[in-house]
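input_10.cif (mmCIF, C-alpha atoms) appears below.
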data_start
loop_
_atom_site.group_PDB
_atom_site.id
_atom_site.type_symbol
_atom_site.label_atom_id
_atom_site.label_comp_id
_atom_site.auth_asym_id
_atom_site.auth_seq_id
_atom_site.Cartn_x
_atom_site.Cartn_y
_atom_site.Cartn_z
ATOM 1 C CA LEU N 1 -23.782 -13.127 -10.027
ATOM 2 C CA LYS N 2 -26.357 -10.925 -8.332
ATOM 3 C CA TYR N 3 -26.661 -13.481 -5.524
ATOM 4 C CA ILE N 4 -22.882 -13.510 -4.984
ATOM 5 C CA TYR N 5 -22.767 -9.718 -5.038
ATOM 6 C CA ASN N 6 -25.531 -9.485 -2.439
ATOM 7 C CA LEU N 7 -23.762 -12.103 -0.328
ATOM 8 C CA LEU N 8 -20.539 -10.061 -0.364
ATOM 9 C CA LEU N 9 -22.426 -6.941 0.636
ATOM 10 C CA THR N 10 -24.083 -8.807 3.495
ATOM 11 C CA MET N 11 -20.744 -10.139 4.743
ATOM 12 C CA THR N 12 -19.143 -6.696 4.600
ATOM 13 C CA ASP N 13 -22.107 -5.072 6.341
ATOM 14 C CA THR N 14 -22.021 -7.744 9.046
ATOM 15 C CA ILE N 15 -18.340 -7.138 9.760
ATOM 16 C CA GLN N 16 -18.804 -3.375 9.698
ATOM 17 C CA SER N 17 -21.680 -3.638 12.177
ATOM 18 C CA LEU N 18 -19.606 -5.908 14.414
ATOM 19 C CA LEU N 19 -16.768 -3.387 14.553
ATOM 20 C CA GLN N 20 -19.164 -0.749 15.852
ATOM 21 C CA THR N 21 -20.334 -2.817 18.817
ATOM 22 C CA ALA N 22 -18.826 -3.262 22.274
ATOM 23 C CA SER N 23 -18.071 -6.899 21.447
ATOM 24 C CA ALA N 24 -15.603 -5.893 18.724
ATOM 25 C CA TYR N 25 -12.709 -6.422 21.126
ATOM 26 C CA SER N 26 -14.007 -9.663 22.621
ATOM 27 C CA VAL N 27 -11.956 -12.815 22.185
ATOM 28 C CA ASP N 28 -15.063 -14.394 20.653
ATOM 29 C CA THR N 29 -14.744 -11.978 17.722
ATOM 30 C CA ILE N 30 -11.400 -13.407 16.606
ATOM 31 C CA PRO N 31 -12.791 -16.397 14.638
ATOM 32 C CA LYS N 32 -15.221 -14.133 12.767
ATOM 33 C CA LEU N 33 -12.491 -11.691 11.770
ATOM 34 C CA GLU N 34 -10.146 -14.529 10.811
ATOM 35 C CA ALA N 35 -12.838 -15.932 8.536
ATOM 36 C CA HIS N 36 -13.161 -12.496 6.975
ATOM 37 C CA VAL N 37 -9.399 -12.412 6.330
ATOM 38 C CA ASP N 38 -9.716 -15.783 4.588
ATOM 39 C CA ALA N 39 -12.502 -14.354 2.446
ATOM 40 C CA GLN N 40 -10.344 -11.368 1.483
ATOM 41 C CA VAL N 41 -7.450 -13.628 0.516
ATOM 42 C CA ALA N 42 -9.804 -15.803 -1.547
ATOM 43 C CA GLY N 43 -11.143 -12.704 -3.280
ATOM 44 C CA SER N 44 -14.680 -13.304 -2.040
ATOM 45 C CA ALA N 45 -14.652 -10.172 0.144
ATOM 46 C CA PRO N 46 -13.170 -6.711 -0.452
ATOM 47 C CA TYR N 47 -10.081 -5.526 1.387
ATOM 48 C CA HIS N 48 -11.099 -4.225 4.822
ATOM 49 C CA PHE N 49 -8.350 -2.389 6.697
ATOM 50 C CA ASP N 50 -10.414 -1.608 9.817
ATOM 51 C CA ALA N 51 -11.403 -5.246 10.269
ATOM 52 C CA ASN N 52 -7.828 -6.452 9.779
ATOM 53 C CA ARG N 53 -6.456 -3.846 12.177
ATOM 54 C CA THR N 54 -8.998 -4.877 14.795
ATOM 55 C CA LEU N 55 -7.891 -8.499 14.483
ATOM 56 C CA VAL N 56 -4.245 -7.529 14.979
ATOM 57 C CA LYS N 57 -5.262 -5.532 18.058
ATOM 58 C CA LEU N 58 -7.125 -8.563 19.415
ATOM 59 C CA TYR N 59 -3.980 -10.629 18.963
ATOM 60 C CA GLN N 60 -2.236 -8.017 21.128
ATOM 61 C CA PHE N 61 -4.895 -8.303 23.820
ATOM 62 C CA PHE N 62 -5.037 -12.111 23.679
ATOM 63 C CA PRO N 63 -1.521 -13.345 22.736
ATOM 64 C CA ALA N 64 -2.497 -16.989 23.241
ATOM 65 C CA SER N 65 -4.981 -16.635 20.372
ATOM 66 C CA CYS N 66 -2.481 -15.076 17.959
ATOM 67 C CA ASN N 67 -2.386 -16.861 14.611
ATOM 68 C CA GLU N 68 0.843 -15.984 12.809
ATOM 69 C CA LYS N 69 -0.496 -17.369 9.544
ATOM 70 C CA GLN N 70 -3.319 -14.848 9.675
ATOM 71 C CA VAL N 71 -0.900 -12.048 10.573
ATOM 72 C CA ALA N 72 1.098 -12.883 7.447
ATOM 73 C CA ARG N 73 -2.064 -12.824 5.363
ATOM 74 C CA ILE N 74 -3.147 -9.470 6.791
ATOM 75 C CA LEU N 75 0.242 -7.907 6.043
ATOM 76 C CA THR N 76 0.224 -9.372 2.554
ATOM 77 C CA LEU N 77 -3.208 -7.928 1.873
ATOM 78 C CA SER N 78 -2.006 -4.492 2.989
ATOM 79 C CA LEU N 79 1.135 -4.912 0.877
ATOM 80 C CA SER N 80 -1.117 -4.920 -2.172
ATOM 81 C CA GLU N 81 -2.396 -1.478 -1.120
ATOM 82 C CA PHE N 82 1.020 0.146 -1.671
ATOM 83 C CA PRO N 83 1.734 3.067 -1.537
ATOM 84 C CA SER N 84 -0.844 3.495 1.251
ATOM 85 C CA THR N 85 0.355 3.575 4.886
ATOM 86 C CA ASP N 86 -1.794 0.592 5.905
ATOM 87 C CA PHE N 87 1.215 -1.713 6.157
ATOM 88 C CA LEU N 88 3.094 0.513 8.609
ATOM 89 C CA ALA N 89 -0.052 1.068 10.688
ATOM 90 C CA LEU N 90 -0.370 -2.691 11.134
ATOM 91 C CA LEU N 91 3.319 -3.462 11.527
ATOM 92 C CA CYS N 92 3.720 -1.209 14.572
ATOM 93 C CA MET N 93 1.247 -3.419 16.467
ATOM 94 C CA ILE N 94 3.069 -6.682 15.747
ATOM 95 C CA PRO N 95 5.727 -7.857 18.270
ATOM 96 C CA GLU N 96 9.298 -8.021 16.999
ATOM 97 C CA ALA N 97 9.495 -11.740 17.719
ATOM 98 C CA THR N 98 6.513 -12.328 15.448
ATOM 99 C CA GLN N 99 7.998 -10.094 12.762
ATOM 100 C CA GLU N 100 11.056 -12.340 12.619
ATOM 101 C CA THR N 101 9.063 -15.484 11.785
ATOM 102 C CA GLU N 102 8.392 -16.669 8.231
ATOM 103 C CA PRO N 103 6.638 -15.798 6.030
ATOM 104 C CA ILE N 104 6.094 -12.535 7.948
ATOM 105 C CA ALA N 105 9.774 -11.562 7.703
ATOM 106 C CA THR N 106 9.646 -11.984 3.915
ATOM 107 C CA VAL N 107 6.474 -9.887 3.657
ATOM 108 C CA ILE N 108 8.227 -7.128 5.609
ATOM 109 C CA ARG N 109 11.257 -7.408 3.336
ATOM 110 C CA CYS N 110 8.954 -7.014 0.327
ATOM 111 C CA PHE N 111 7.478 -3.858 1.805
ATOM 112 C CA GLU N 112 10.917 -2.401 2.519
ATOM 113 C CA LEU N 113 11.922 -2.970 -1.111
ATOM 114 C CA LEU N 114 8.718 -1.380 -2.360
ATOM 115 C CA ASP N 115 9.150 1.570 -0.038
ATOM 116 C CA ALA N 116 12.711 2.031 -1.333
ATOM 117 C CA CYS N 117 11.400 1.841 -4.921
ATOM 118 C CA LYS N 118 13.602 -1.213 -5.589
ATOM 119 C CA PHE N 119 10.874 -2.764 -7.686
ATOM 120 C CA THR N 120 12.972 -5.393 -9.477
ATOM 121 C CA ASP N 121 14.282 -6.686 -6.148
ATOM 122 C CA PHE N 122 10.748 -6.611 -4.775
ATOM 123 C CA TRP N 123 9.509 -9.052 -7.413
ATOM 124 C CA GLU N 124 12.368 -11.422 -6.617
ATOM 125 C CA ALA N 125 11.390 -11.446 -2.943
ATOM 126 C CA PHE N 126 7.737 -11.627 -3.911
ATOM 127 C CA LYS N 127 8.268 -15.026 -5.562
ATOM 128 C CA GLN N 128 8.823 -16.502 -2.112
ATOM 129 C CA LEU N 129 5.377 -15.359 -1.002
ATOM 130 C CA GLU N 130 3.222 -16.855 -3.705
ATOM 131 C CA SER N 131 3.006 -20.246 -1.977
ATOM 132 C CA ASN N 132 2.277 -18.686 1.413
ATOM 133 C CA ALA N 133 -0.350 -16.037 0.729
ATOM 134 C CA GLN N 134 -2.284 -14.596 -2.145
ATOM 135 C CA VAL N 135 -0.979 -11.277 -3.389
ATOM 136 C CA ASP N 136 -3.027 -9.155 -5.733
ATOM 137 C CA VAL N 137 -0.448 -8.713 -8.491
ATOM 138 C CA LYS N 138 -2.648 -6.329 -10.451
ATOM 139 C CA LYS N 139 -3.063 -4.004 -7.467
ATOM 140 C CA SER N 140 0.650 -4.187 -6.683
ATOM 141 C CA ARG N 141 1.472 -3.142 -10.235
ATOM 142 C CA GLN N 142 -1.048 -0.314 -10.029
ATOM 143 C CA GLY N 143 0.683 0.944 -6.876
ATOM 144 C CA ILE N 144 4.078 0.836 -8.576
ATOM 145 C CA ILE N 145 2.746 2.760 -11.572
ATOM 146 C CA SER N 146 1.338 5.450 -9.281
ATOM 147 C CA VAL N 147 4.793 5.894 -7.731
ATOM 148 C CA LEU N 148 6.533 6.017 -11.129
ATOM 149 C CA ALA N 149 4.023 8.644 -12.237
ATOM 150 C CA LEU N 150 5.061 10.831 -9.313
ATOM 151 C CA CYS N 151 8.702 10.735 -10.400
ATOM 152 C CA TYR N 152 8.647 10.638 -14.199
ATOM 153 C CA ARG N 153 6.961 12.605 -16.953
ATOM 154 C CA THR N 154 8.450 10.141 -19.451
ATOM 155 C CA ALA N 155 10.299 6.891 -18.878
ATOM 156 C CA PRO N 156 11.831 4.161 -21.062
ATOM 157 C CA LEU N 157 9.390 1.328 -21.682
ATOM 158 C CA SER N 158 12.015 -1.163 -20.504
ATOM 159 C CA VAL N 159 12.239 0.593 -17.121
ATOM 160 C CA VAL N 160 8.474 0.446 -16.672
ATOM 161 C CA GLN N 161 8.307 -3.204 -17.715
ATOM 162 C CA SER N 162 11.106 -4.088 -15.314
ATOM 163 C CA ALA N 163 9.332 -2.270 -12.482
ATOM 164 C CA LEU N 164 6.163 -4.215 -13.275
ATOM 165 C CA ASN N 165 8.046 -7.506 -13.691
ATOM 166 C CA SER N 166 6.409 -7.939 -17.078
ATOM 167 C CA THR N 167 7.557 -8.279 -20.668
ATOM 168 C CA ALA N 168 4.010 -7.946 -21.927
ATOM 169 C CA THR N 169 2.777 -4.925 -23.840
ATOM 170 C CA VAL N 170 2.057 -1.970 -21.560
ATOM 171 C CA ASN N 171 -1.237 -0.313 -22.442
ATOM 172 C CA ALA N 172 -1.838 3.255 -21.353
ATOM 173 C CA SER N 173 -5.549 2.492 -21.102
ATOM 174 C CA ASP N 174 -4.839 0.103 -18.228
ATOM 175 C CA TYR N 175 -3.523 2.868 -15.976
ATOM 176 C CA ALA N 176 -5.117 6.230 -15.294
ATOM 177 C CA GLU N 177 -1.668 7.714 -14.617
ATOM 178 C CA MET N 178 -0.433 6.944 -18.146
ATOM 179 C CA GLU N 179 -0.940 9.333 -21.012
ATOM 180 C CA SER N 180 0.517 7.231 -23.805
ATOM 181 C CA VAL N 181 2.940 4.500 -24.828
ATOM 182 C CA SER N 182 4.756 5.363 -28.035
ATOM 183 C CA GLY N 183 7.586 3.197 -29.279
ATOM 184 C CA ASN N 184 9.960 2.661 -26.387
ATOM 185 C CA VAL N 185 8.730 5.603 -24.319
ATOM 186 C CA VAL N 186 5.994 5.742 -21.694
ATOM 187 C CA THR N 187 4.501 9.156 -21.042
ATOM 188 C CA PHE N 188 2.735 9.748 -17.758
ATOM 189 C CA ALA N 189 -0.005 12.296 -17.227
ATOM 190 C CA ALA N 190 1.427 15.669 -16.267
ATOM 191 C CA THR N 191 1.105 16.560 -12.592
ATOM 192 C CA ALA N 192 2.653 19.082 -10.228
ATOM 193 C CA ASP N 193 4.953 16.298 -8.991
ATOM 194 C CA ASN N 194 6.456 15.168 -12.302
ATOM 195 C CA THR N 195 6.585 18.506 -14.119
ATOM 196 C CA LYS N 196 9.417 21.030 -13.854
ATOM 197 C CA ARG N 197 8.442 23.996 -11.760
ATOM 198 C CA HIS N 198 9.546 27.507 -12.639
ATOM 199 C CA ARG N 199 10.809 29.411 -9.647
ATOM 200 C CA VAL N 200 9.501 32.898 -9.275
ATOM 201 C CA PHE N 201 11.677 35.048 -7.062
ATOM 202 C CA GLN N 202 9.719 37.439 -4.968
ATOM 203 C CA GLU N 203 11.415 39.871 -2.639
ATOM 204 C CA GLY N 204 9.839 39.469 0.767
ATOM 205 C CA ILE N 205 11.482 42.498 2.385
ATOM 206 C CA LYS N 206 12.301 45.661 0.528
ATOM 207 C CA PHE N 207 15.881 46.846 0.902
ATOM 208 C CA SER N 208 14.686 50.354 1.709
ATOM 209 C CA SER N 209 13.011 49.088 4.864
ATOM 210 C CA VAL N 210 16.263 47.679 6.287
ATOM 211 C CA SER N 211 18.795 50.104 4.797
ATOM 212 C CA SER N 212 18.577 52.383 7.819
ATOM 213 C CA PHE N 213 19.628 49.509 10.108
ATOM 214 C CA VAL N 214 22.592 48.747 7.848
ATOM 215 C CA VAL N 215 23.745 52.365 7.978
ATOM 216 C CA ALA N 216 23.301 52.534 11.736
ATOM 217 C CA SER N 217 25.421 49.454 12.288
ATOM 218 C CA GLN N 218 28.425 50.905 10.449
#
Write out the structure in this file as C-alpha cells.
Amino acid sequence: LKYIYNLLLTMTDTIQSLLQTASAYSVDTIPKLEAHVDAQVAGSAPYHFDANRTLVKLYQFFPASCNEKQVARILTLSLSEFPSTDFLALLCMIPEATQETEPIATVIRCFELLDACKFTDFWEAFKQLESNAQVDVKKSRQGIISVLALCYRTAPLSVVQSALNSTATVNASDYAEMESVSGNVVTFAATADNTKRHRVFQEGIKFSSVSSFVVASQ
C-alpha cells in the first residue's frame, strides 16, 4: 500500500511539474495528460482540475488531436465535483459541435439536472453514463447532500433517499452536513443558509433630518 501511495504522489507531482513548464501547451503533452485522465477515471490518481483543463485547452489549440472520449471523461470527472464550478469552466472551452456528440451531450444533460436540483431525474440520466465513463457515485451523493443542507433544516427521509437514489439506511455519520436521522426525518446541521433569519429593522435616516425638506416642498 505504501508503494502504491508513493507511486500516486510521484505521478501527481510529475503532472504538477509539467503544468508549470513552457512545454505544458505543447502537442507532445497531450498523451501524458490523457494518460493522467485515464488514471483518474480508474481511481489510481486523484482528481486534478488544472491538468484536465490544460488538456481541454490543448484540444482547442490542436483540434486534430481532440479525443472526444477523453473530453467526455473529463466532464464526467468534474460532474462528480458538484456543486463546484469546474464543469462550467471546462464546458465553455468545448465547441458546440463537440457538445452535441454522445456521451458528452448526456453528461451535459446530467449537469443541467443537477444544477436545477432535479436529483431524481439526474439519476435516470446518469444510468446512461455508467457504460461510458466512471462516475464517483459517492462523491455525487456527497454533493447532493451539501445542496440539500443549504435548503433544509429538516427533510423527510424519503425525500433524501430519493435525491440520493438509494433505499438504503441513511447514516448521519456518513455526511458532515447531517446532524441526525430520527425516524422518518433527517435533520441537517444548522447554518445561516438553512435557518430562519430574524429581520431587525434599523432606521437609516432619522425623520427629523428630512422633515424640513418635506415642509419646504408643501
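The space between CA of Thr29 (chain N) and CA of Tyr59 (chain N) spans 10.9 Å.
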Starting from the shown file, work through the PyMOL selection byres ((chain N and resi 178-180) around 12) and note down what comes out as a tab-separated table (two decimals) with C-alpha atoms, in the frame of the given file.
chain	number	residue	atom	x	y	z
N	142	GLN	CA	-1.05	-0.31	-10.03
N	145	ILE	CA	2.75	2.76	-11.57
N	146	SER	CA	1.34	5.45	-9.28
N	147	VAL	CA	4.79	5.89	-7.73
N	148	LEU	CA	6.53	6.02	-11.13
N	149	ALA	CA	4.02	8.64	-12.24
N	150	LEU	CA	5.06	10.83	-9.31
N	152	TYR	CA	8.65	10.64	-14.20
N	153	ARG	CA	6.96	12.60	-16.95
N	154	THR	CA	8.45	10.14	-19.45
N	155	ALA	CA	10.30	6.89	-18.88
N	157	LEU	CA	9.39	1.33	-21.68
N	160	VAL	CA	8.47	0.45	-16.67
N	170	VAL	CA	2.06	-1.97	-21.56
N	171	ASN	CA	-1.24	-0.31	-22.44
N	172	ALA	CA	-1.84	3.26	-21.35
N	173	SER	CA	-5.55	2.49	-21.10
N	174	ASP	CA	-4.84	0.10	-18.23
N	175	TYR	CA	-3.52	2.87	-15.98
N	176	ALA	CA	-5.12	6.23	-15.29
N	177	GLU	CA	-1.67	7.71	-14.62
N	181	VAL	CA	2.94	4.50	-24.83
N	182	SER	CA	4.76	5.36	-28.04
N	183	GLY	CA	7.59	3.20	-29.28
N	184	ASN	CA	9.96	2.66	-26.39
N	185	VAL	CA	8.73	5.60	-24.32
N	186	VAL	CA	5.99	5.74	-21.69
N	187	THR	CA	4.50	9.16	-21.04
N	188	PHE	CA	2.74	9.75	-17.76
N	189	ALA	CA	0.00	12.30	-17.23
N	190	ALA	CA	1.43	15.67	-16.27
N	191	THR	CA	1.10	16.56	-12.59
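Within the 12 Å cut-off around Gln99 (chain N), using all atoms listed in the file and omitting residues fewer than 4 positions from it on the same chain, the listed residues are Glu68, Lys69, Val71, Ala72, Leu75, Leu90, Leu91, Cys92, Met93, Ile94, Pro95, Pro103, Ile104, Ala105, Thr106, Val107, Ile108 and Arg109 of chain N.
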- Specify as number ranges by chain each residue included when the PyMOL selection byres ((chain N and resi 89) around 12) is applied to this file. N: 49-50, 52-54, 56-57, 74-75, 78-79, 84-88, 90-94
- When you draw a straight line from CA of Glu34 (chain N) to CA of Val137 (chain N), how long is it in Å? 22.4 Å
- Query: Separation of CA of Arg73 (chain N) and CA of Ala51 (chain N), in Å?
  - Reply: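 Between CA of Arg73 (chain N) and CA of Ala51 (chain N) the gap works out to 13.0 Å.
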